[in-house]
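Undergrad: Structure incoming, see below.
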Amino acid sequence: MAEVVLNQVVKTYGNVYAVNHVSLTVADGEFVALVGPSGCGKTTTLNLIAGLIEMSGGDIHIGDRLVNDLDPKDRDIAMVFQNYALYPNKTVFKNLAFPLQMRKLSKSDIEAKVLSAAKVLDITHLLERKPRELSGGQQQRVALGRALVRDPRVFLMDEPLSNLDAKLRVQMRTELKRFHQDLQATVVYVTHDQLEAVTMADKMAVMNGGFLQQYDSPKNVFDNP
Ligand code: ADP
Ligand code: ADP
């Protein structure tokens, strides 16, 4: 569990302010949807929190740690992308187990965690398959599972449901919300989909042209656009 704090965070590409002095506090256990038009800086903001790109200015804390210069693997975050990057030659089971093996968990702990995540995501019957033998929706569930098994303090998600068909998307929304409630994890969730934001998020962070325009409950954002 951890609070995520951005303080006057800036990211420039040449003359372009992809992220322009954004200050934002995501409380411990809160689910924040990061929304706004294409190109407004959502993905860049997420990548800055993840440590995947370097800041041009400002600072970011996760929990009690300043993470500006911290290696991404030491940030205790898990990221889920829209283009699920699964290991093509490993089975689903091994895809899920891999991050746990890296952490040197015992075989029985790994198995228990993988089976529990698989059950929640309804992919138990797919554990022996390879990614190419799965549909897009199934692959995305595996990608979610791989983030889940690690019990990260912070989840960063970049449009994780955008490749799913409409029916599955609605179902996964409910499931993700339940996850969040069960895990009490801090979540920053990038989406284009207002409905996704409203149904899942405690708060919406609305970006525009690199700026943070609004940061409030979904209800207040819709009442005061
Ligand atoms: P999304 O749909 O997630 O917002 P984008 O299409 O904005 O994705 O960007 C996809 C990837 O390309 C990101 O990693 C982003 O950093 C990079 N990118 C976006 N715009 C540019 C650009 N003008 N020049 C180089 N890379 C870019
Ligand atoms: P969003 O995720 O909201 O669609 P991005 O964070 O991908 O927006 O991009 C914000 C701005 O930064 C855009 O103008 C984009 O073109 C620019 N940008 C993003 N990544 C790069 C990059 N690697 N190189 C140059 N410009 C980039």
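If you're wondering about the labels, chains in the structure tokens are A, B, ... by order shown, residues count from 1 in each chain, ligands from 1 in order shown.
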Based on DSSP run over this structure's backbone, return all residues of region 3-205 of chain A in helix (DSSP H, G or I), as a count of residues only.
TA: 82
Undergrad: What lies within 12 Å of Gln213 (chain A) using only C-alpha atoms, ignoring chain neighbours under 4 positions off, as a VMD selection string?
TA: chain A and resid 19 to 24 34 to 37 40 to 41 204 to 209 221 224 to 225
Undergrad: What does the list of residues within 8 Å of ligand 1 look like if you count only C-alpha atoms and all ligand atoms, written as a PyMOL selection string?
TA: chain A and resi 38-39+41-44+82+158-159
Undergrad: Could you check which of A:Ser116, A:Gln171, A:Asn15, A:Ser217 is closest to ligand 2, using only C-alpha atoms and all ligand atoms?
TA: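 So, comparing all the options, the nearest one is A:Asn15.
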Undergrad: Excluding Ser135 (chain A) and any residue of its chain fewer than 5 positions from it, enumerate the residues within 12 Å of it, using only C-alpha atoms, and give them as an NGL selection string.
TA: :A and (84 or 123 or 126 or 129-130 or 140-142 or 163-165 or 168)
